[in-house]
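Peer 1: One structure, as structure tokens, below. Some questions next.
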Amino acid sequence: MKAKVHVFLKPGVLDVQGKAVEGALHGLGWDGVSNVRVGKVLEFDLKAASEDEAKTELKAMCDKLLANTVIESYKVEVA
Amino acid sequence: MKAAVLVFPGSNCDRDCKTAVETTVGGSVEMVWHQESTLPAGLDLIVVPGGFSYGDYLRCGAMASLSPVMAAVRAEAERGVSVLGICNGFQILCESGLLPGALLRNAKLKYVCKPIELTIENRKTRFTSAYGNQQTVWMTQGNGDGNFFADADTLKAIEDNDQVVFRYVENPNGSVNDIAGIINKAGNVLGMMPHPDRAFEPALGSADGAPMFHSLVAALQVA
């Protein structure tokens with residue numbers, strides 16, 4: 001299975017990278033841009049019997065390592 | 001004093017920490033590689049040093065916090081052994097859950113590398129008793145992710161329990177409540193972004209880090 005994990009800083013946690021990118025986009029004339037958030041996407045192959053099992057495993061991986069839930073939230077996808 | 005300094009791939013202040021403990025209080029210091037699953041017996045202090053463990057990949061301190069040696073550190077911390085995390089060591093302790101909160105990217109996106117003045121907020125800890133009435137100290141700071149963050153409830157608990165040990169006089173990185181260093185509730189695990197290990201004798205520009213190690217020795221004598 002192909003797994004995809006999205007990790008972003010939680011709403012309300014200052015995302016300085018997002019702010020910097022937003023400033024750069026404004027500088028280039030895209031004034032309509034706001035609330036830029038920069039996150040991470042991790043992609044990998046995962047052996048699992050079912051999509052549900054894969055998602056359970058992915059959530060465990062996020063809680064243990066891939067995300068710091070003090071500051072980040074995550075979303076998992078399998079295909 | 002018997003101390004261990006942990007060494008991760010990418011640690012770069014491990015030898016500074018060893019020298020600091022040896023020079024200030026004549027402690028005996030063993031270096032312990034992160035793949036070790038046990039620590040030397042009879043430790044009084046475990047230092048988690050600064051650096052860029054695992055290249056700061058994923059998040060600063062994330063992978064180091066899951067090293068085999070950290071399970072041993074957790075067990076020793078639960079027994080009451082003193083644990084001092086400096087800079088990347090602070091990040092590792094937060095990632096491991098031994099300290100609350102997390103360290104974010106500096107608010108101005110700049111790596112901050114300079115001498116820095118701190119107020120001592122709690123001088124009743126085993127790490128700070130030797131500061132006496134000294135109000136502020138100078139140490140040095142060197143980090144890109146030193147912006148301490150905790151959610152409102154956690155922050156309130158940290159403040160209410162007097163867990164803030166050091167605050168910045170001039171906040172260099174956006175840390176919430178100007179927090180530079182915190183201690184756990186039990187009072188034996190301290191994490192801080194500034195470096196006492198780079199400020200323990202006048203030749204380094206400041207000796208204000210030295211009382212921290214003297215405090216720890218004094219605490220042992222009382223115990």
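Labeling convention for the structure tokens: chains A, B, ... as they appear, residues from 1 per chain, ligands from 1 in order of appearance.
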Determine, for each residue of chain A having at least one atom at most 12 Å from an atom of chain B, the closest pair of atoms and their separation in Å to one decimal, counting only C-alpha atoms; order by chain and ascending number, as CSV.
Peer 2:
residue,atom,partner,partner_atom,distance
A:Val7,CA,B:Leu58,CA,10.3
A:Phe8,CA,B:Arg59,CA,12.0
A:Leu9,CA,B:Leu104,CA,9.7
A:Lys10,CA,B:Asp151,CA,10.6
A:Pro11,CA,B:Asp151,CA,11.4
A:Gly12,CA,B:Asp151,CA,9.3
A:Val13,CA,B:Phe149,CA,8.2
A:Leu14,CA,B:Ala107,CA,7.8
A:Asp15,CA,B:Arg105,CA,8.1
A:Val16,CA,B:Ala107,CA,6.0
A:Gln17,CA,B:Leu109,CA,7.5
A:Gly18,CA,B:Leu109,CA,10.8
A:Lys19,CA,B:Ala107,CA,9.8
A:Ala20,CA,B:Leu109,CA,8.4
A:Val21,CA,B:Leu109,CA,11.6
A:Gly39,CA,B:Leu58,CA,11.0
A:Lys40,CA,B:Leu58,CA,8.9
A:Val41,CA,B:Leu58,CA,10.8
A:Leu42,CA,B:Leu58,CA,10.0
A:Cys62,CA,B:Leu58,CA,11.6
A:Asp63,CA,B:Glu95,CA,11.3
A:Lys64,CA,B:Leu66,CA,8.8
A:Leu65,CA,B:Ala62,CA,6.8
A:Leu66,CA,B:Leu58,CA,7.3
A:Ala67,CA,B:Arg59,CA,8.5
A:Asn68,CA,B:Glu95,CA,7.3
A:Thr69,CA,B:Ala102,CA,9.6
A:Val70,CA,B:Gly101,CA,6.6
A:Ile71,CA,B:Ala102,CA,7.1
A:Glu72,CA,B:Ala102,CA,10.2
Peer 1: Create the file for the chosen residues now, containing N, CA and C atoms and written as a PDB file, in the first residue's frame.
Peer 2:
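In the end it all went to selection.pdb:
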ATOM      1  N   VAL A   7       1.842  16.390   7.822  1.00  0.00           N
ATOM      2  CA  VAL A   7       2.074  16.939   9.167  1.00  0.00           C
ATOM      3  C   VAL A   7       2.144  18.464   9.067  1.00  0.00           C
ATOM      4  N   PHE A   8       1.297  19.120   9.836  1.00  0.00           N
ATOM      5  CA  PHE A   8       1.288  20.587   9.863  1.00  0.00           C
ATOM      6  C   PHE A   8       1.307  21.089  11.298  1.00  0.00           C
ATOM      7  N   LEU A   9       1.853  22.292  11.484  1.00  0.00           N
ATOM      8  CA  LEU A   9       1.731  22.928  12.797  1.00  0.00           C
ATOM      9  C   LEU A   9       0.251  23.176  13.054  1.00  0.00           C
ATOM     10  N   LYS A  10      -0.163  23.016  14.301  1.00  0.00           N
ATOM     11  CA  LYS A  10      -1.562  23.219  14.636  1.00  0.00           C
ATOM     12  C   LYS A  10      -1.969  24.673  14.407  1.00  0.00           C
ATOM     13  N   PRO A  11      -3.254  24.891  14.143  1.00  0.00           N
ATOM     14  CA  PRO A  11      -3.723  26.273  14.069  1.00  0.00           C
ATOM     15  C   PRO A  11      -3.389  26.969  15.395  1.00  0.00           C
ATOM     16  N   GLY A  12      -2.938  28.192  15.310  1.00  0.00           N
ATOM     17  CA  GLY A  12      -2.609  28.925  16.542  1.00  0.00           C
ATOM     18  C   GLY A  12      -1.146  28.811  16.916  1.00  0.00           C
ATOM     19  N   VAL A  13      -0.438  27.811  16.369  1.00  0.00           N
ATOM     20  CA  VAL A  13       0.999  27.725  16.608  1.00  0.00           C
ATOM     21  C   VAL A  13       1.690  28.517  15.492  1.00  0.00           C
ATOM     22  N   LEU A  14       2.535  29.444  15.901  1.00  0.00           N
ATOM     23  CA  LEU A  14       3.181  30.333  14.923  1.00  0.00           C
ATOM     24  C   LEU A  14       3.972  29.530  13.894  1.00  0.00           C
ATOM     25  N   ASP A  15       3.658  29.730  12.631  1.00  0.00           N
ATOM     26  CA  ASP A  15       4.384  29.065  11.549  1.00  0.00           C
ATOM     27  C   ASP A  15       5.236  30.128  10.850  1.00  0.00           C
ATOM     28  N   VAL A  16       6.470  30.263  11.294  1.00  0.00           N
ATOM     29  CA  VAL A  16       7.296  31.358  10.770  1.00  0.00           C
ATOM     30  C   VAL A  16       7.681  31.132   9.314  1.00  0.00           C
ATOM     31  N   GLN A  17       7.822  29.854   8.937  1.00  0.00           N
ATOM     32  CA  GLN A  17       8.115  29.575   7.526  1.00  0.00           C
ATOM     33  C   GLN A  17       6.951  30.015   6.654  1.00  0.00           C
ATOM     34  N   GLY A  18       5.736  29.700   7.115  1.00  0.00           N
ATOM     35  CA  GLY A  18       4.544  30.100   6.370  1.00  0.00           C
ATOM     36  C   GLY A  18       4.483  31.614   6.219  1.00  0.00           C
ATOM     37  N   LYS A  19       4.814  32.311   7.321  1.00  0.00           N
ATOM     38  CA  LYS A  19       4.791  33.779   7.279  1.00  0.00           C
ATOM     39  C   LYS A  19       5.798  34.316   6.272  1.00  0.00           C
ATOM     40  N   ALA A  20       6.989  33.700   6.241  1.00  0.00           N
ATOM     41  CA  ALA A  20       8.032  34.158   5.322  1.00  0.00           C
ATOM     42  C   ALA A  20       7.611  33.925   3.873  1.00  0.00           C
ATOM     43  N   VAL A  21       7.018  32.760   3.626  1.00  0.00           N
ATOM     44  CA  VAL A  21       6.572  32.450   2.255  1.00  0.00           C
ATOM     45  C   VAL A  21       5.453  33.409   1.841  1.00  0.00           C
ATOM     46  N   GLY A  39       3.992  22.730   5.697  1.00  0.00           N
ATOM     47  CA  GLY A  39       4.012  21.466   6.425  1.00  0.00           C
ATOM     48  C   GLY A  39       4.906  20.459   5.740  1.00  0.00           C
ATOM     49  N   LYS A  40       4.739  19.216   6.113  1.00  0.00           N
ATOM     50  CA  LYS A  40       5.551  18.139   5.543  1.00  0.00           C
ATOM     51  C   LYS A  40       4.625  17.063   5.009  1.00  0.00           C
ATOM     52  N   VAL A  41       5.063  16.405   3.951  1.00  0.00           N
ATOM     53  CA  VAL A  41       4.363  15.218   3.481  1.00  0.00           C
ATOM     54  C   VAL A  41       5.374  14.075   3.446  1.00  0.00           C
ATOM     55  N   LEU A  42       5.035  12.977   4.071  1.00  0.00           N
ATOM     56  CA  LEU A  42       5.886  11.789   4.029  1.00  0.00           C
ATOM     57  C   LEU A  42       5.164  10.732   3.213  1.00  0.00           C
ATOM     58  N   CYS A  62       2.583   8.255  13.755  1.00  0.00           N
ATOM     59  CA  CYS A  62       2.510   9.713  13.934  1.00  0.00           C
ATOM     60  C   CYS A  62       2.622  10.078  15.405  1.00  0.00           C
ATOM     61  N   ASP A  63       1.899   9.362  16.245  1.00  0.00           N
ATOM     62  CA  ASP A  63       1.923   9.678  17.674  1.00  0.00           C
ATOM     63  C   ASP A  63       3.294   9.411  18.285  1.00  0.00           C
ATOM     64  N   LYS A  64       3.968   8.391  17.747  1.00  0.00           N
ATOM     65  CA  LYS A  64       5.259   7.994  18.328  1.00  0.00           C
ATOM     66  C   LYS A  64       6.408   8.847  17.782  1.00  0.00           C
ATOM     67  N   LEU A  65       6.396   9.115  16.494  1.00  0.00           N
ATOM     68  CA  LEU A  65       7.568   9.742  15.887  1.00  0.00           C
ATOM     69  C   LEU A  65       7.259  10.849  14.875  1.00  0.00           C
ATOM     70  N   LEU A  66       6.358  10.569  13.939  1.00  0.00           N
ATOM     71  CA  LEU A  66       6.271  11.445  12.761  1.00  0.00           C
ATOM     72  C   LEU A  66       5.734  12.834  13.070  1.00  0.00           C
ATOM     73  N   ALA A  67       4.926  12.954  14.122  1.00  0.00           N
ATOM     74  CA  ALA A  67       4.421  14.278  14.507  1.00  0.00           C
ATOM     75  C   ALA A  67       4.652  14.487  15.998  1.00  0.00           C
ATOM     76  N   ASN A  68       4.838  15.720  16.379  1.00  0.00           N
ATOM     77  CA  ASN A  68       4.857  16.074  17.809  1.00  0.00           C
ATOM     78  C   ASN A  68       3.514  16.713  18.100  1.00  0.00           C
ATOM     79  N   THR A  69       2.650  15.958  18.747  1.00  0.00           N
ATOM     80  CA  THR A  69       1.268  16.425  18.878  1.00  0.00           C
ATOM     81  C   THR A  69       1.119  17.594  19.848  1.00  0.00           C
ATOM     82  N   VAL A  70       2.214  17.983  20.492  1.00  0.00           N
ATOM     83  CA  VAL A  70       2.175  19.223  21.277  1.00  0.00           C
ATOM     84  C   VAL A  70       1.990  20.416  20.331  1.00  0.00           C
ATOM     85  N   ILE A  71       2.609  20.331  19.170  1.00  0.00           N
ATOM     86  CA  ILE A  71       2.594  21.480  18.244  1.00  0.00           C
ATOM     87  C   ILE A  71       2.038  21.148  16.856  1.00  0.00           C
ATOM     88  N   GLU A  72       1.927  19.857  16.544  1.00  0.00           N
ATOM     89  CA  GLU A  72       1.551  19.490  15.173  1.00  0.00           C
ATOM     90  C   GLU A  72       0.295  18.616  15.142  1.00  0.00           C
TER      91      GLU A  72
END
Peer 1: Residues near A:Lys4, anyone? I mean within 6 Å using only C-alpha atoms, not counting same-chain ones fewer than 2 positions away, as a VMD selection string.
Peer 2: chain A and resid 42 to 43 76 to 77
Peer 1: For B:Asn122, list every protein, DNA or RNA residue within 7 Å, evaluated using only C-alpha atoms, and leave out those in the same chain fewer than 2 positions away; present the list as a PyMOL selection string.
Peer 2: chain B and resi 120+124-125+162+164-165
Peer 1: What would the file look like if the residues just selected were written as a tab-separated table (two decimals), in the first residue's frame with N, CA and C atoms?
Peer 2:
chain	number	residue	atom	x	y	z
B	120	ILE	N	17.19	34.77	36.76
B	120	ILE	CA	16.95	33.49	37.45
B	120	ILE	C	15.60	33.60	38.12
B	124	LYS	N	15.45	28.08	43.92
B	124	LYS	CA	15.29	27.04	44.95
B	124	LYS	C	15.46	25.65	44.36
B	125	THR	N	15.91	25.56	43.12
B	125	THR	CA	16.08	24.23	42.54
B	125	THR	C	17.47	23.69	42.85
B	162	ASP	N	5.96	27.19	39.43
B	162	ASP	CA	7.33	27.73	39.50
B	162	ASP	C	8.32	26.88	38.71
B	164	VAL	N	9.39	27.63	35.70
B	164	VAL	CA	10.26	28.45	34.87
B	164	VAL	C	11.50	28.78	35.70
B	165	VAL	N	12.66	28.38	35.22
B	165	VAL	CA	13.90	28.59	35.98
B	165	VAL	C	14.67	29.79	35.44
